[in-house]
Every structure is written in structure tokens, then in C-alpha cells.
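This report refers to the structure that appears directly beneath it.
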Amino acid sequence: MSKESDDQLAGDIVGTMRAVFGKHRARAAHAKGIVLEGHFTPSEEACTLSDAAVFCLPSVPITVRFSDFTGLPDIADTDGNADPRGMAVRFHAGGEGRDLDIVAHSFNGFPSATAQEFAELMHALAASGAGASKPTALDTYLASHPAAKTFLTTQKPPPESFATAAFFGVNAVTFDDGAGRRTHVRHRFVPQAGEHYLTATKRTTLGPDYLREEIVRRMATAPVEFEWKVQVAEAGDRLDDPSIAWPESRRLVTVGLLSIERLAADQTAADKILFGPGRLPAGITAADPMLKIRDTAYFLSSKDRQ
Ligand code: HEM
């Protein structure tokens with residue numbers, strides 16, 4: 001696709017998201033979040049897979065934003081629509097061309113194979129609000145798009161903590177070791193505390209902001225840690241379709257440890273950060289074209305939230 005049609009598609013999706021969730025001068029998606037800081041220590045193997053600065057320095061500072069889904073800045077953390085949760089990470093590895101952003105969520109997949117298909121889903125959602133006659137446009141869409149139906153109906157319960165959910169980068173990228181060896185991978189952040197989700201009973205006892213309250217309490221005693229693992233593609237694995245998870249039998253390589261230590265001091269200022277799914281350093285390139293359109297969409301959304 002040409003740059004113009006990519007930009008148009010990104011603009012269309014952001015506009016439709018705003019039609020679905022309303023205009024809040026906030027992120028068009030994952031509007032409610034909390035910004036934290038810490039550092040990343042790469043494993044020895046990381047720099048052999050990609051010569052990106054993030055993997056070859058001893059340690060790099062990180063900014064992390066955990067979030068709830070939807071464009072509603074006040075959604076209750078206990079609300080089922082708040083899934084998937086988000087985890088966006090900036091690796092500060094020396095500035096433009098060296099820094100890396102990864103924007104991941106708590107579901108190993110995506111409702112749509114391509115950005116075009118995602119736009120169609122958003123349009124179906126926008127046409128299916130309260131009062132829409134049955135079957136709604138969304139009912140019809142889901143009947144012919146099983147991956148979207150699975151995404152919308154099989155989310156896990158809310159996590160006990162942002163520190164007890166696993167997060168998936170979903171869109172494939174290619175690592176380059178600087179000597180011509182290329183490895184196609186998908187990112188995931190695996191919580192050192194294990195994965196734990198709320199029981200139905202526990203969920204009724206928690207307040208609308210329990211996740212941000214909990215993570216602040218947790219960091220007061222110890223850093224919150226995640227292993228960053230990459231799932232390595234094998235021949236035949238689709239690089240350009242995030243709606244299909246690769247088999248769990250694929251090799252997982254641990255590329256390092258994220259240690260999240262403190263709340264960013266000024267949350268209002270910190271929340272202005274613009275994560276770019278296409279902010280990739282030398283040594284990592286996009287394998288999935290969705291990353292480029294995501295990058296434009298996030299930029300457009302950030303302009304509406306200034
Ligand atoms: C065509 C596909 C997609 C589009 C158009 C899209 C669009 C957006 C937009 C407009 C925002 C708000 C950005 C901002 O204001 O800074 C956003 C945020 C977000 N999206 Fe997506 N998205 C897509 C795919 C995905 C995928 C595949 C994931 C997960 C792997 C994801 C996870 C997130 C998260 C976690 C945030 C919050 C980022 C933050 O904390 O700043 N999105 N998305």
C-alpha cells in the first residue's frame with residue numbers, strides 16, 4: 001500500500017475509535033494508564049541475536065505504561081471491557097535510532113489479520129451501539145470473522161496485579177545480528193510473580209482503581225520483574241498475521257529482565273509520552289506491515305490528546 005493510503009487507513013481507524021468511545025482528549029485506545037520507571041538488563045544471548053543497542057549495553061533505563069483497554073479514561077479496572085490490559089515499554093538506549101518501543105497487550109493474538117480488517121471491525125462496532133437493531137453489524141461481522149469472535153469472547157478475567165499478567169507484542173519483527181543472520185520473532189513479557197487472575201468473588205470486592213493502587217504498594221517492597229522472551233518463528237509461520245498465535249512449541253529465548261522500580265514522579269506529564277510501535281533501532285526491523293500503520297495511528301491519536 002502507498003504511504004497516503006496507509007495514512008488514510010490509520011486516520012480512519014483513530015476517527016472510528018473516537019466515535020466508539022467518545023472524545024476525551026485521551027488516548028483513542030488504552031486511555032487509562034499508569035507510568036512507571038526502572039531498568040532493563042539484557043541476557044548474554046540477546047546481543048548474539050540482534051546488535052541493537054538495547055541488547056548490547058550492560059543495562060538501559062526503561063519507561064513502562066500499564067493500561068486498561070478502551071478509550072475511556074475512567075473505566076473501572078474490574079470492568080470486562082478493560083481487557084486486554086496493555087504494557088508499553090520504552091528502552092532508553094541512547095536516543096533516536098537506538099531507543100526501542102514495544103507496545104504489548106495481555107492476549108496472545110489480535111482480532112484482525114491486517115489493519116484494513118481492523119478498520120472494518122471498528123466500523124462494525126461503531127454501528128452497533130445501544131439501540132442498533134438485531135442482528136447488529138457487529139453480530140454479522142463476528143459470524144464471519146472467527147479470530148475477532150475469539151478475541152472478544154475469550155479474554156482472561158482481570159489480573160490480580162499488572163505484575164501478574166503476561167503481555168504479548170503480537171506483531172512479528174526481525175532481529176539482525178549485524179553479520180547478516182536474521183531471526184523472525186514475537187515479543188512477550190512474562191511476569192516473574194507468575195500469572196494470577198481474579199476469581200469472580202474477589203473481583204466484586206475491588207475498587208475501580210485497584211490495579212494502580214496495588215502496583216504502587218507492590219513496588220514499595222520489591223521491584224516488579226518481567227522476563228522478556230522472544231518466540232522464534234519457524235518456516236511457514238505467518239509474519240504478517242497477528243490474529244494467529246504461533247505454536248507454543250516454538251523456541252523461546254530469554255533476552256533479558258525488566259525491573260520496574262518506581263512511579264514516574266509527575267503522572268500528568270509522564271502520561272503524555274507517545275509510544276511508537278514502529279520506533280525500532282538499528283538491529284530490529286518490522287516484519288509485520290501492521291506496525292507501520294499502528295505507528296501512524298498512535299501519532300494521530302497523540303495529537304488529539306495534547
Ligand atoms: C491496526 C492495529 C492497531 C491500531 C490502529 C491501534 C491503535 C491504537 C491507538 C490509536 C492507540 C492510542 C495511542 C496514543 O494515543 O498514544 C493505541 C494504544 C495502544 N495499543 Fe493499539 N492499535 C493497534 C494494534 C494494537 C496491537 C496489536 C496491540 C498489542 C500488541 C495494541 C496495544 C495497544 C496498547 C497497549 C496501547 C497503549 C499504549 C500506551 O500506553 O501509550 N494495539 N492503539
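Labeling convention for the C-alpha cells: chains A, B, ... as they appear, residues from 1 per chain, ligands from 1 in order of appearance.
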Strand (DSSP E) positions in range 75-285 of chain A, given as a PyMOL selection string | chain A and resi 86-91+100-105+167-168+173-176+182-191+224-232+252-263+284-285
Keeping only C-alpha atoms, write the selected residues to a file as a PDB file, in the first residue's frame.
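Full text of selection-v9.pdb as output:
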```pdb
ATOM      1  CA  GLY A  86      -1.632  -3.015  27.956  1.00  0.00           C
ATOM      2  CA  MET A  87       2.085  -2.832  28.683  1.00  0.00           C
ATOM      3  CA  ALA A  88       4.096  -0.306  26.666  1.00  0.00           C
ATOM      4  CA  VAL A  89       7.840  -0.065  27.241  1.00  0.00           C
ATOM      5  CA  ARG A  90      10.415   2.457  26.060  1.00  0.00           C
ATOM      6  CA  PHE A  91      14.011   1.258  26.243  1.00  0.00           C
ATOM      7  CA  LEU A 100      13.112   0.897  21.197  1.00  0.00           C
ATOM      8  CA  ASP A 101       9.375   0.925  21.981  1.00  0.00           C
ATOM      9  CA  ILE A 102       7.361  -2.247  22.441  1.00  0.00           C
ATOM     10  CA  VAL A 103       3.586  -1.886  22.830  1.00  0.00           C
ATOM     11  CA  ALA A 104       2.126  -5.188  24.022  1.00  0.00           C
ATOM     12  CA  HIS A 105      -1.163  -6.465  25.422  1.00  0.00           C
ATOM     13  CA  PHE A 167       1.930  -9.431  27.733  1.00  0.00           C
ATOM     14  CA  PHE A 168       2.426 -10.160  24.030  1.00  0.00           C
ATOM     15  CA  VAL A 173       9.808  -8.252  13.975  1.00  0.00           C
ATOM     16  CA  THR A 174      13.156  -9.336  12.530  1.00  0.00           C
ATOM     17  CA  PHE A 175      16.380  -9.344  14.529  1.00  0.00           C
ATOM     18  CA  ASP A 176      19.642  -8.755  12.645  1.00  0.00           C
ATOM     19  CA  ARG A 182      18.201 -12.697  10.553  1.00  0.00           C
ATOM     20  CA  THR A 183      15.738 -14.157  13.074  1.00  0.00           C
ATOM     21  CA  HIS A 184      11.983 -13.532  12.959  1.00  0.00           C
ATOM     22  CA  VAL A 185      10.451 -13.222  16.434  1.00  0.00           C
ATOM     23  CA  ARG A 186       7.489 -12.090  18.509  1.00  0.00           C
ATOM     24  CA  HIS A 187       7.997 -10.435  21.889  1.00  0.00           C
ATOM     25  CA  ARG A 188       6.423 -11.421  25.185  1.00  0.00           C
ATOM     26  CA  PHE A 189       6.845 -10.169  28.755  1.00  0.00           C
ATOM     27  CA  VAL A 190       6.456 -12.967  31.304  1.00  0.00           C
ATOM     28  CA  PRO A 191       5.815 -11.963  34.942  1.00  0.00           C
ATOM     29  CA  VAL A 224       8.248  -5.744  39.705  1.00  0.00           C
ATOM     30  CA  GLU A 225      10.077  -8.034  37.293  1.00  0.00           C
ATOM     31  CA  PHE A 226       9.292  -9.445  33.873  1.00  0.00           C
ATOM     32  CA  GLU A 227      11.385 -11.734  31.707  1.00  0.00           C
ATOM     33  CA  TRP A 228      11.446 -10.520  28.118  1.00  0.00           C
ATOM     34  CA  LYS A 229      11.284 -13.568  25.906  1.00  0.00           C
ATOM     35  CA  VAL A 230      11.177 -13.810  22.142  1.00  0.00           C
ATOM     36  CA  GLN A 231       9.300 -16.575  20.382  1.00  0.00           C
ATOM     37  CA  VAL A 232      11.287 -17.650  17.328  1.00  0.00           C
ATOM     38  CA  LEU A 252      11.535 -19.139  23.432  1.00  0.00           C
ATOM     39  CA  VAL A 253      14.758 -17.192  24.038  1.00  0.00           C
ATOM     40  CA  THR A 254      15.115 -15.033  27.149  1.00  0.00           C
ATOM     41  CA  VAL A 255      16.632 -11.741  26.018  1.00  0.00           C
ATOM     42  CA  GLY A 256      16.702 -10.108  29.441  1.00  0.00           C
ATOM     43  CA  LEU A 257      14.978  -8.924  32.600  1.00  0.00           C
ATOM     44  CA  LEU A 258      12.810  -5.836  33.132  1.00  0.00           C
ATOM     45  CA  SER A 259      12.924  -4.406  36.634  1.00  0.00           C
ATOM     46  CA  ILE A 260      10.189  -1.834  37.333  1.00  0.00           C
ATOM     47  CA  GLU A 261      11.030   0.141  40.437  1.00  0.00           C
ATOM     48  CA  ARG A 262       9.079   3.350  40.891  1.00  0.00           C
ATOM     49  CA  LEU A 263       6.175   5.562  39.879  1.00  0.00           C
ATOM     50  CA  ILE A 284      15.458  -4.699  14.607  1.00  0.00           C
ATOM     51  CA  THR A 285      13.047  -4.203  11.670  1.00  0.00           C
TER      52      THR A 285
END
```
Which residues of chain A have any atom within 6 Å of an atom in ligand 1 when counting only C-alpha atoms and all ligand atoms, and what is the closest pair of atoms for each, with the distance in Å to one decimal? Order the rows by chain and rising number and write it as a tab-separated table.
```
residue	atom	partner	partner_atom_place_in_ligand_line	distance
A:Ala10	CA	ligand 1	5 (C)	5.8
A:Ile13	CA	ligand 1	5 (C)	5.7
A:Val14	CA	ligand 1	10 (C)	5.2
A:Arg27	CA	ligand 1	15 (O)	3.6
A:Ala28	CA	ligand 1	12 (C)	4.7
A:Ala29	CA	ligand 1	11 (C)	4.5
A:His30	CA	ligand 1	37 (C)	4.7
A:Arg65	CA	ligand 1	40 (O)	4.9
A:Ser67	CA	ligand 1	40 (O)	6.0
A:Gly86	CA	ligand 1	35 (C)	3.5
A:Met87	CA	ligand 1	35 (C)	5.1
A:Ala88	CA	ligand 1	40 (O)	5.0
A:Val103	CA	ligand 1	35 (C)	5.1
A:Ala104	CA	ligand 1	30 (C)	3.9
A:His105	CA	ligand 1	29 (C)	4.4
A:Phe110	CA	ligand 1	27 (C)	5.8
A:Ala115	CA	ligand 1	1 (C)	4.0
A:Phe118	CA	ligand 1	1 (C)	5.9
A:Phe168	CA	ligand 1	30 (C)	5.8
A:Gly169	CA	ligand 1	30 (C)	4.4
A:Val170	CA	ligand 1	30 (C)	4.8
A:Leu274	CA	ligand 1	16 (O)	4.9
A:Phe275	CA	ligand 1	41 (O)	5.2
A:Met290	CA	ligand 1	1 (C)	5.6
A:Arg294	CA	ligand 1	4 (C)	4.6
A:Ala297	CA	ligand 1	10 (C)	4.7
A:Tyr298	CA	ligand 1	13 (C)	3.7
A:Ser301	CA	ligand 1	15 (O)	4.2
A:Ser302	CA	ligand 1	15 (O)	4.1
```
List the neighbours of range 123-126 of chain A out to 9 Å using only C-alpha atoms; skip same-chain residues closer than 4 positions along the sequence, and give me the result as a ChimeraX atom specification.
-> /A:13,16-17,19-21,118-119,136-141
Distance criterion (only C-alpha atoms): nearest to Met122 in chain A out of A:Ala220, A:Leu9, A:Ala76, A:Ile244 =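 Going through A:Ala220, A:Leu9, A:Ala76, A:Ile244 one by one, the smallest distance to Met122 in chain A is for A:Leu9.
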With distances taken over only C-alpha atoms, the candidate from A:Thr78, A:Thr70, A:Thr268, A:Ser59 nearest Arg18 in chain A is A:Thr70
Excluding range 234-239 of chain A and residues on its chain fewer than 5 positions from it, collect all residues at most 7 Å away from it, counting only C-alpha atoms, and give them as a ChimeraX atom specification.
-> /A:172,246,287-288
Write the selection just made, keeping C-alpha atoms, as a short mmCIF file (atom, residue, chain, number, x, y, z; two decimals), in the first residue's frame?
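See again.cif below for the written result:
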```
data_model
loop_
_atom_site.label_atom_id
_atom_site.label_comp_id
_atom_site.auth_asym_id
_atom_site.auth_seq_id
_atom_site.Cartn_x
_atom_site.Cartn_y
_atom_site.Cartn_z
CA ALA A 172 6.44 -10.03 14.24
CA TRP A 246 2.41 -19.32 16.64
CA ALA A 287 8.30 -7.96 9.71
CA ASP A 288 4.55 -7.25 10.02
#
```
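What separates CA of Thr114 in chain A from CA of Asp295 in chain A is a distance of 14.0 Å.
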Surrounding residues of Asp77 in chain A excluding itself and chain neighbours under 3 positions, 10 Å, only C-alpha atoms, as a list in words | Lys32, Ser67, Asp68, Phe69, Asp74, Gly80, Asn81, Ala82, Asp83, Arg85, Pro158, Pro159, Arg203, Leu206, Gly207, Pro208, Asp209, Tyr210, Leu211 and Arg212 of chain A
Point-to-point distance in Å for CA of Phe107 in chain A and CA of Pro242 in chain A =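 Computing the Euclidean distance for CA of Pro242 in chain A and CA of Phe107 in chain A yields 10.8 Å.
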So which residues of range 16-168 of chain A fall under alpha helix (DSSP H) by DSSP, listed as an NGL selection string?
-> :A and (16-21 or 46-49 or 53-56 or 115-126 or 137-144 or 146-153)
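Among the candidates A:Lys272, A:Ala165, A:Ala179, A:Pro84, the residue lying nearest to Gly194 in chain A is A:Ala165 (atoms considered: only C-alpha atoms).
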Have a look at A:Lys134, A:Lys303, A:Lys156, A:His92 and name the one nearest to Glu37 in chain A; count only C-alpha atoms.
->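 Using only C-alpha atoms, Glu37 in chain A sits closest to A:His92.
Distances here use only C-alpha atoms; by that measure, the residue among A:Ser161, A:Glu213, A:Gln116, A:Ala222 closest to Asp7 in chain A is A:Gln116.
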Go through A:Ala286, A:Ile215, A:Gly129, A:Arg305 one by one, measure the shortest atom-to-atom distance of each to Phe162 in chain A using only C-alpha atoms, and give the residue with the smallest value.
-> A:Ile215
Computed interatomic separation between CA of Asp79 in chain A and CA of Ala200 in chain A (Å) |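 Between CA of Asp79 in chain A and CA of Ala200 in chain A the gap works out to 11.9 Å.
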